[in-house]
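Below: input.txt (compact mmCIF, N, CA and C atoms)
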# COMPACT_ATOMS: atom_id res chain seq x y z
N ASN A 6 -45.13 -20.44 31.56
CA ASN A 6 -43.96 -20.41 30.70
C ASN A 6 -42.91 -19.42 31.21
N ILE A 7 -43.37 -18.31 31.74
CA ILE A 7 -42.42 -17.33 32.26
C ILE A 7 -41.67 -17.91 33.46
N THR A 8 -42.37 -18.64 34.31
CA THR A 8 -41.73 -19.27 35.46
C THR A 8 -40.72 -20.32 35.02
N ILE A 9 -41.10 -21.12 34.03
CA ILE A 9 -40.19 -22.15 33.51
C ILE A 9 -38.95 -21.49 32.91
N PHE A 10 -39.14 -20.42 32.13
CA PHE A 10 -37.99 -19.76 31.52
C PHE A 10 -37.11 -19.10 32.57
N THR A 11 -37.72 -18.55 33.61
CA THR A 11 -36.94 -17.97 34.70
C THR A 11 -36.08 -19.04 35.36
N GLY A 12 -36.67 -20.21 35.62
CA GLY A 12 -35.91 -21.32 36.18
C GLY A 12 -34.81 -21.77 35.25
N PHE A 13 -35.12 -21.83 33.95
CA PHE A 13 -34.14 -22.18 32.93
C PHE A 13 -32.96 -21.20 32.96
N THR A 14 -33.26 -19.91 33.06
CA THR A 14 -32.22 -18.89 33.09
C THR A 14 -31.38 -19.00 34.37
N ILE A 15 -32.03 -19.21 35.49
CA ILE A 15 -31.29 -19.37 36.75
C ILE A 15 -30.38 -20.60 36.69
N GLY A 16 -30.91 -21.70 36.15
CA GLY A 16 -30.10 -22.92 36.01
C GLY A 16 -28.90 -22.71 35.12
N PHE A 17 -29.09 -22.05 33.99
CA PHE A 17 -27.97 -21.76 33.10
C PHE A 17 -26.99 -20.80 33.77
N GLY A 18 -27.51 -19.81 34.49
CA GLY A 18 -26.64 -18.88 35.20
C GLY A 18 -25.80 -19.59 36.24
N TYR A 19 -26.41 -20.49 36.98
CA TYR A 19 -25.67 -21.25 37.99
C TYR A 19 -24.59 -22.11 37.33
N MET A 20 -24.97 -22.77 36.23
CA MET A 20 -24.00 -23.60 35.52
C MET A 20 -22.82 -22.75 35.04
N CYS A 21 -23.10 -21.55 34.58
CA CYS A 21 -22.03 -20.67 34.11
C CYS A 21 -21.14 -20.22 35.27
N THR A 22 -21.71 -19.99 36.46
CA THR A 22 -20.88 -19.55 37.58
C THR A 22 -19.88 -20.62 37.99
N ILE A 23 -20.21 -21.86 37.73
CA ILE A 23 -19.28 -22.95 38.03
C ILE A 23 -18.06 -22.87 37.11
N PHE A 24 -18.28 -22.47 35.86
CA PHE A 24 -17.20 -22.47 34.88
C PHE A 24 -16.54 -21.10 34.68
N ILE A 25 -17.12 -20.03 35.20
CA ILE A 25 -16.56 -18.69 34.98
C ILE A 25 -15.15 -18.55 35.55
N PRO A 26 -14.84 -19.13 36.71
CA PRO A 26 -13.45 -19.00 37.20
C PRO A 26 -12.41 -19.48 36.18
N ALA A 27 -12.77 -20.43 35.34
CA ALA A 27 -11.82 -20.90 34.33
C ALA A 27 -11.46 -19.79 33.34
N PHE A 28 -12.40 -18.90 33.06
CA PHE A 28 -12.12 -17.80 32.14
C PHE A 28 -11.11 -16.81 32.73
N PHE A 29 -11.05 -16.71 34.07
CA PHE A 29 -10.11 -15.79 34.69
C PHE A 29 -8.70 -16.37 34.82
N ARG A 30 -8.57 -17.67 34.56
CA ARG A 30 -7.26 -18.30 34.64
C ARG A 30 -6.60 -18.46 33.27
N VAL A 31 -7.22 -17.94 32.25
CA VAL A 31 -6.71 -18.09 30.88
C VAL A 31 -5.48 -17.20 30.71
N ARG A 32 -4.40 -17.82 30.17
CA ARG A 32 -3.16 -17.07 30.00
C ARG A 32 -2.65 -17.07 28.55
N SER A 33 -3.31 -17.84 27.69
CA SER A 33 -2.82 -17.89 26.30
C SER A 33 -4.00 -18.04 25.34
N LEU A 34 -3.70 -17.81 24.08
CA LEU A 34 -4.71 -17.94 23.04
C LEU A 34 -5.20 -19.38 22.94
N THR A 35 -4.33 -20.33 23.15
CA THR A 35 -4.71 -21.74 23.09
C THR A 35 -5.74 -22.07 24.17
N GLU A 36 -5.55 -21.53 25.36
CA GLU A 36 -6.51 -21.75 26.44
C GLU A 36 -7.85 -21.10 26.12
N TRP A 37 -7.83 -19.91 25.50
CA TRP A 37 -9.08 -19.27 25.08
C TRP A 37 -9.80 -20.14 24.06
N LEU A 38 -9.05 -20.70 23.12
CA LEU A 38 -9.66 -21.56 22.11
C LEU A 38 -10.27 -22.82 22.74
N ALA A 39 -9.69 -23.29 23.82
CA ALA A 39 -10.24 -24.46 24.51
C ALA A 39 -11.56 -24.12 25.21
N LEU A 40 -11.74 -22.87 25.63
CA LEU A 40 -12.97 -22.46 26.31
C LEU A 40 -14.08 -22.06 25.35
N LEU A 41 -13.75 -21.76 24.10
CA LEU A 41 -14.76 -21.32 23.14
C LEU A 41 -15.87 -22.35 22.90
N PRO A 42 -15.59 -23.64 22.80
CA PRO A 42 -16.71 -24.58 22.61
C PRO A 42 -17.71 -24.54 23.76
N PHE A 43 -17.24 -24.39 24.98
CA PHE A 43 -18.16 -24.28 26.12
C PHE A 43 -19.02 -23.03 25.98
N ALA A 44 -18.40 -21.89 25.68
CA ALA A 44 -19.14 -20.65 25.53
C ALA A 44 -20.16 -20.77 24.38
N GLY A 45 -19.74 -21.38 23.29
CA GLY A 45 -20.66 -21.59 22.17
C GLY A 45 -21.82 -22.49 22.55
N PHE A 46 -21.54 -23.53 23.33
CA PHE A 46 -22.57 -24.45 23.80
C PHE A 46 -23.60 -23.71 24.64
N VAL A 47 -23.14 -22.88 25.57
CA VAL A 47 -24.04 -22.12 26.43
C VAL A 47 -24.91 -21.18 25.61
N VAL A 48 -24.29 -20.44 24.71
CA VAL A 48 -25.03 -19.49 23.89
C VAL A 48 -26.05 -20.21 23.01
N LEU A 49 -25.66 -21.30 22.39
CA LEU A 49 -26.55 -22.07 21.52
C LEU A 49 -27.77 -22.56 22.29
N TRP A 50 -27.57 -23.23 23.42
CA TRP A 50 -28.70 -23.79 24.16
C TRP A 50 -29.56 -22.72 24.81
N TYR A 51 -28.97 -21.62 25.24
CA TYR A 51 -29.79 -20.55 25.80
C TYR A 51 -30.64 -19.92 24.69
N THR A 52 -30.07 -19.77 23.50
CA THR A 52 -30.83 -19.22 22.37
C THR A 52 -31.98 -20.14 22.00
N ILE A 53 -31.74 -21.44 21.96
CA ILE A 53 -32.81 -22.40 21.67
C ILE A 53 -33.89 -22.33 22.74
N GLY A 54 -33.48 -22.29 24.00
CA GLY A 54 -34.45 -22.19 25.09
C GLY A 54 -35.25 -20.90 25.02
N TYR A 55 -34.60 -19.80 24.67
CA TYR A 55 -35.29 -18.52 24.56
C TYR A 55 -36.31 -18.55 23.42
N ARG A 56 -35.93 -19.14 22.30
CA ARG A 56 -36.85 -19.24 21.18
C ARG A 56 -38.08 -20.06 21.55
N ILE A 57 -37.88 -21.17 22.23
CA ILE A 57 -39.01 -22.01 22.66
C ILE A 57 -39.89 -21.24 23.63
N PHE A 58 -39.28 -20.55 24.59
CA PHE A 58 -40.03 -19.74 25.54
C PHE A 58 -40.85 -18.68 24.82
N LEU A 59 -40.23 -17.97 23.90
CA LEU A 59 -40.90 -16.90 23.17
C LEU A 59 -42.10 -17.44 22.42
N TRP A 60 -41.94 -18.57 21.73
CA TRP A 60 -43.03 -19.14 20.97
C TRP A 60 -44.15 -19.64 21.88
N ARG A 61 -43.80 -20.37 22.94
CA ARG A 61 -44.82 -20.93 23.82
C ARG A 61 -45.58 -19.86 24.58
N SER A 62 -44.93 -18.74 24.88
CA SER A 62 -45.58 -17.68 25.65
C SER A 62 -46.37 -16.72 24.79
N PHE A 63 -45.86 -16.38 23.62
CA PHE A 63 -46.47 -15.30 22.84
C PHE A 63 -46.80 -15.69 21.40
N GLY A 64 -46.63 -16.95 21.03
CA GLY A 64 -46.82 -17.37 19.65
C GLY A 64 -48.28 -17.39 19.21
N VAL A 65 -48.50 -16.91 18.00
CA VAL A 65 -49.83 -16.91 17.39
C VAL A 65 -49.67 -17.36 15.94
N GLU A 66 -50.55 -18.26 15.52
CA GLU A 66 -50.56 -18.69 14.12
C GLU A 66 -51.91 -18.36 13.52
N GLU A 67 -51.88 -17.94 12.27
CA GLU A 67 -53.11 -17.61 11.55
C GLU A 67 -53.04 -18.27 10.18
N VAL A 68 -54.07 -19.05 9.86
CA VAL A 68 -54.15 -19.70 8.56
C VAL A 68 -55.41 -19.20 7.88
N VAL A 69 -55.23 -18.59 6.69
CA VAL A 69 -56.35 -18.05 5.92
C VAL A 69 -56.24 -18.58 4.50
N ILE A 70 -57.36 -19.01 3.96
CA ILE A 70 -57.40 -19.45 2.57
C ILE A 70 -58.28 -18.46 1.81
N SER A 71 -57.66 -17.78 0.83
CA SER A 71 -58.43 -16.83 0.01
C SER A 71 -57.86 -16.80 -1.40
N GLN A 72 -58.74 -16.78 -2.36
CA GLN A 72 -58.39 -16.70 -3.78
C GLN A 72 -57.41 -17.78 -4.19
N GLY A 73 -57.62 -19.00 -3.67
CA GLY A 73 -56.79 -20.12 -4.06
C GLY A 73 -55.40 -20.17 -3.43
N ILE A 74 -55.15 -19.32 -2.45
CA ILE A 74 -53.85 -19.26 -1.78
C ILE A 74 -54.05 -19.48 -0.28
N LEU A 75 -53.22 -20.35 0.30
CA LEU A 75 -53.19 -20.54 1.74
C LEU A 75 -52.15 -19.57 2.30
N HIS A 76 -52.57 -18.69 3.18
CA HIS A 76 -51.68 -17.73 3.84
C HIS A 76 -51.50 -18.19 5.28
N TRP A 77 -50.27 -18.45 5.67
CA TRP A 77 -49.97 -18.92 7.02
C TRP A 77 -49.01 -17.93 7.65
N ARG A 78 -49.45 -17.28 8.72
CA ARG A 78 -48.64 -16.29 9.41
C ARG A 78 -48.36 -16.78 10.83
N ARG A 79 -47.09 -16.68 11.23
CA ARG A 79 -46.68 -17.03 12.59
C ARG A 79 -45.99 -15.83 13.19
N LYS A 80 -46.36 -15.50 14.42
CA LYS A 80 -45.78 -14.33 15.06
C LYS A 80 -45.60 -14.60 16.55
N ALA A 81 -44.43 -14.25 17.05
CA ALA A 81 -44.14 -14.29 18.48
C ALA A 81 -43.24 -13.09 18.77
N SER A 82 -43.83 -12.03 19.31
CA SER A 82 -43.13 -10.79 19.57
C SER A 82 -42.57 -10.24 18.26
N TRP A 83 -41.25 -10.03 18.16
CA TRP A 83 -40.67 -9.49 16.91
C TRP A 83 -40.36 -10.57 15.89
N TRP A 84 -40.45 -11.83 16.27
CA TRP A 84 -40.14 -12.94 15.36
C TRP A 84 -41.38 -13.24 14.54
N LYS A 85 -41.30 -13.02 13.23
CA LYS A 85 -42.45 -13.20 12.34
C LYS A 85 -42.04 -14.03 11.13
N ARG A 86 -42.96 -14.89 10.70
CA ARG A 86 -42.72 -15.66 9.48
C ARG A 86 -44.03 -15.76 8.72
N ASN A 87 -43.93 -15.67 7.42
CA ASN A 87 -45.09 -15.80 6.55
C ASN A 87 -44.83 -16.88 5.52
N PHE A 88 -45.88 -17.58 5.14
CA PHE A 88 -45.77 -18.64 4.15
C PHE A 88 -47.03 -18.61 3.31
N GLU A 89 -46.86 -18.74 2.01
CA GLU A 89 -48.00 -18.81 1.10
C GLU A 89 -47.85 -20.04 0.24
N ALA A 90 -48.98 -20.71 0.00
CA ALA A 90 -48.97 -21.92 -0.82
C ALA A 90 -50.21 -21.92 -1.70
N ALA A 91 -50.04 -22.33 -2.94
CA ALA A 91 -51.18 -22.46 -3.85
C ALA A 91 -52.05 -23.61 -3.36
N GLU A 92 -53.32 -23.33 -3.21
CA GLU A 92 -54.27 -24.34 -2.71
C GLU A 92 -54.25 -25.60 -3.55
N SER A 93 -54.07 -25.45 -4.85
CA SER A 93 -54.08 -26.60 -5.77
C SER A 93 -52.87 -27.52 -5.60
N GLU A 94 -51.80 -27.01 -4.98
CA GLU A 94 -50.59 -27.81 -4.82
C GLU A 94 -50.46 -28.46 -3.43
N ILE A 95 -51.45 -28.24 -2.57
CA ILE A 95 -51.46 -28.90 -1.25
C ILE A 95 -52.15 -30.23 -1.45
N THR A 96 -51.42 -31.30 -1.16
CA THR A 96 -51.92 -32.64 -1.48
C THR A 96 -52.49 -33.41 -0.30
N ASP A 97 -52.20 -32.98 0.92
CA ASP A 97 -52.67 -33.76 2.07
C ASP A 97 -52.67 -32.90 3.33
N VAL A 98 -53.58 -33.22 4.24
CA VAL A 98 -53.63 -32.60 5.56
C VAL A 98 -53.70 -33.75 6.55
N ILE A 99 -52.77 -33.77 7.50
CA ILE A 99 -52.64 -34.90 8.41
C ILE A 99 -52.60 -34.41 9.86
N SER A 100 -53.35 -35.06 10.72
CA SER A 100 -53.32 -34.77 12.14
C SER A 100 -52.29 -35.69 12.78
N LYS A 101 -51.28 -35.12 13.44
CA LYS A 101 -50.24 -35.90 14.11
C LYS A 101 -50.45 -35.82 15.61
N THR A 102 -50.86 -36.92 16.21
CA THR A 102 -51.13 -36.96 17.64
C THR A 102 -50.45 -38.19 18.25
N PRO A 103 -49.18 -38.10 18.63
CA PRO A 103 -48.50 -39.25 19.22
C PRO A 103 -49.10 -39.61 20.58
N TRP A 104 -48.80 -40.80 21.04
CA TRP A 104 -49.38 -41.31 22.27
C TRP A 104 -49.09 -40.43 23.48
N HIS A 105 -47.93 -39.77 23.51
CA HIS A 105 -47.56 -38.97 24.67
C HIS A 105 -48.23 -37.60 24.67
N GLY A 106 -48.72 -37.14 23.52
CA GLY A 106 -49.46 -35.89 23.43
C GLY A 106 -48.63 -34.63 23.60
N LEU A 107 -47.30 -34.74 23.60
CA LEU A 107 -46.46 -33.57 23.82
C LEU A 107 -46.16 -32.80 22.54
N SER A 108 -46.42 -33.40 21.40
CA SER A 108 -46.11 -32.70 20.15
C SER A 108 -47.24 -32.83 19.14
N ASN A 109 -48.47 -32.74 19.62
CA ASN A 109 -49.61 -32.77 18.71
C ASN A 109 -49.55 -31.58 17.77
N HIS A 110 -49.76 -31.83 16.49
CA HIS A 110 -49.77 -30.76 15.50
C HIS A 110 -50.48 -31.25 14.24
N VAL A 111 -50.63 -30.36 13.30
CA VAL A 111 -51.25 -30.67 12.01
C VAL A 111 -50.20 -30.44 10.93
N GLU A 112 -50.11 -31.37 10.01
CA GLU A 112 -49.17 -31.21 8.89
C GLU A 112 -49.96 -31.10 7.59
N PHE A 113 -49.45 -30.27 6.71
CA PHE A 113 -49.96 -30.28 5.35
C PHE A 113 -48.79 -30.48 4.41
N VAL A 114 -49.07 -31.13 3.29
CA VAL A 114 -48.02 -31.46 2.31
C VAL A 114 -48.18 -30.52 1.13
N TYR A 115 -47.11 -29.76 0.86
CA TYR A 115 -47.09 -28.80 -0.24
C TYR A 115 -45.84 -29.08 -1.08
N ARG A 116 -46.07 -29.41 -2.33
CA ARG A 116 -44.97 -29.74 -3.25
C ARG A 116 -44.07 -30.84 -2.68
N GLY A 117 -44.67 -31.83 -2.06
CA GLY A 117 -43.93 -32.97 -1.54
C GLY A 117 -43.23 -32.75 -0.22
N ARG A 118 -43.37 -31.58 0.37
CA ARG A 118 -42.71 -31.27 1.64
C ARG A 118 -43.76 -31.02 2.72
N SER A 119 -43.52 -31.52 3.93
CA SER A 119 -44.47 -31.36 5.03
C SER A 119 -44.20 -30.09 5.82
N TYR A 120 -45.27 -29.41 6.21
CA TYR A 120 -45.20 -28.21 7.03
C TYR A 120 -46.11 -28.43 8.24
N SER A 121 -45.64 -28.06 9.43
CA SER A 121 -46.38 -28.28 10.67
C SER A 121 -47.06 -27.02 11.15
N ILE A 122 -48.33 -27.15 11.47
CA ILE A 122 -49.11 -26.06 12.05
C ILE A 122 -49.42 -26.45 13.49
N GLY A 123 -49.23 -25.53 14.39
CA GLY A 123 -49.53 -25.78 15.80
C GLY A 123 -48.36 -26.43 16.50
N ASP A 124 -48.28 -26.20 17.78
CA ASP A 124 -47.20 -26.77 18.59
C ASP A 124 -47.78 -27.10 19.95
N MET A 125 -47.77 -28.36 20.29
CA MET A 125 -48.30 -28.83 21.56
C MET A 125 -49.78 -28.46 21.73
N ILE A 126 -50.56 -28.59 20.67
CA ILE A 126 -51.99 -28.34 20.77
C ILE A 126 -52.66 -29.62 21.30
N SER A 127 -53.89 -29.49 21.72
CA SER A 127 -54.57 -30.66 22.26
C SER A 127 -54.94 -31.63 21.13
N HIS A 128 -55.24 -32.85 21.53
CA HIS A 128 -55.64 -33.90 20.59
C HIS A 128 -56.86 -33.46 19.79
N ASP A 129 -57.86 -32.92 20.49
CA ASP A 129 -59.09 -32.48 19.82
C ASP A 129 -58.85 -31.30 18.89
N GLU A 130 -57.99 -30.37 19.30
CA GLU A 130 -57.67 -29.23 18.44
C GLU A 130 -57.00 -29.69 17.14
N ALA A 131 -56.09 -30.63 17.26
CA ALA A 131 -55.40 -31.14 16.07
C ALA A 131 -56.40 -31.74 15.09
N HIS A 132 -57.33 -32.54 15.60
CA HIS A 132 -58.32 -33.16 14.72
C HIS A 132 -59.29 -32.13 14.14
N GLU A 133 -59.67 -31.13 14.93
CA GLU A 133 -60.58 -30.10 14.43
C GLU A 133 -59.92 -29.25 13.35
N ILE A 134 -58.66 -28.86 13.56
CA ILE A 134 -57.93 -28.08 12.56
C ILE A 134 -57.78 -28.89 11.28
N THR A 135 -57.45 -30.17 11.42
CA THR A 135 -57.32 -31.04 10.25
C THR A 135 -58.62 -31.11 9.48
N HIS A 136 -59.71 -31.28 10.20
CA HIS A 136 -61.02 -31.39 9.55
C HIS A 136 -61.39 -30.09 8.82
N VAL A 137 -61.23 -28.95 9.49
CA VAL A 137 -61.60 -27.66 8.90
C VAL A 137 -60.68 -27.31 7.73
N LEU A 138 -59.37 -27.45 7.92
CA LEU A 138 -58.42 -27.11 6.86
C LEU A 138 -58.57 -28.04 5.66
N GLY A 139 -58.67 -29.34 5.94
CA GLY A 139 -58.86 -30.30 4.85
C GLY A 139 -60.14 -30.06 4.09
N GLY A 140 -61.22 -29.72 4.82
CA GLY A 140 -62.49 -29.42 4.17
C GLY A 140 -62.41 -28.18 3.31
N ALA A 141 -61.73 -27.15 3.80
CA ALA A 141 -61.59 -25.91 3.04
C ALA A 141 -60.76 -26.12 1.78
N LEU A 142 -59.81 -27.06 1.85
CA LEU A 142 -58.97 -27.36 0.69
C LEU A 142 -59.57 -28.44 -0.20
N GLY A 143 -60.64 -29.07 0.25
CA GLY A 143 -61.27 -30.13 -0.53
C GLY A 143 -60.47 -31.42 -0.52
N LEU A 144 -59.80 -31.69 0.59
CA LEU A 144 -58.95 -32.88 0.69
C LEU A 144 -59.51 -33.88 1.70
N ARG A 145 -59.06 -35.11 1.56
CA ARG A 145 -59.36 -36.15 2.55
C ARG A 145 -58.36 -35.97 3.69
N GLN A 146 -58.83 -36.01 4.93
CA GLN A 146 -57.96 -35.80 6.08
C GLN A 146 -57.55 -37.14 6.68
N HIS A 147 -56.35 -37.15 7.28
CA HIS A 147 -55.83 -38.34 7.96
C HIS A 147 -55.59 -38.02 9.42
N SER A 148 -55.77 -38.99 10.27
CA SER A 148 -55.47 -38.81 11.70
C SER A 148 -54.27 -39.62 12.07

Is it possible to express this structure as structure tokens?
Amino acid sequence: NITIFTGFTIGFGYMCTIFIPAFFRVRSLTEWLALLPFAGFVVLWYTIGYRIFLWRSFGVEEVVISQGILHWRRKASWWKRNFEAAESEITDVISKTPWHGLSNHVEFVYRGRSYSIGDMISHDEAHEITHVLGGALGLRQHS
């Protein structure tokens, strides 16, 4: 992942060097406004790429069920998220394994909304997590 992100950064840097001379030819506010969408595009996609890199390289998820509450913690470096759900309000646990295998994950339904656990996990991991989580919640699991 570090190699991929390094390549991603070099590619974005090269792309920016192609367009940087345009920033030095700006002579009016209107020309600056014309360049802002490009700058915003670069910042947006680099931020998305950085977030994906951070999660894929350092991401950890922890799911614990205690005292009728599902505690789901996600952490990747300084980026942290916590989620709690009443066990009684989780209605389904589903293993999502598309044919290409690039986005295997487990979903659970809480108050009619789906939440995804795992990112690019293996086919077997998705089914095992579904089986264990569904069993702990007393639910029927779907593949």

Separation of atom C of Val111 (chain A) from atom N of His136 (chain A) in Å: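 Calculated distance between atom N of His136 (chain A) and atom C of Val111 (chain A) is 9.6 Å.
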
Polymer residues at most 6.5 Å from Trp77 (chain A), all atoms listed in the file, same-chain spacing of 4 or more positions, as a PyMOL selection string: chain A and resi 67-69+86-90

Distance of atom N of Asp124 (chain A) from atom N of Gly73 (chain A), expressed in Å to one decimal place: 24.5 Å

Nearest to Tyr19 (chain A), chosen from A:Val47, A:Val114, A:Asn109, A:Lys101, with only C-alpha atoms counted in the distances: A:Val47

Per-residue DSSP, region 16-128 of chain A, filtered to strand (DSSP E or B), as a PyMOL selection string: chain A and resi 65-71+74-81+84-91+95-101+110-115+118-122
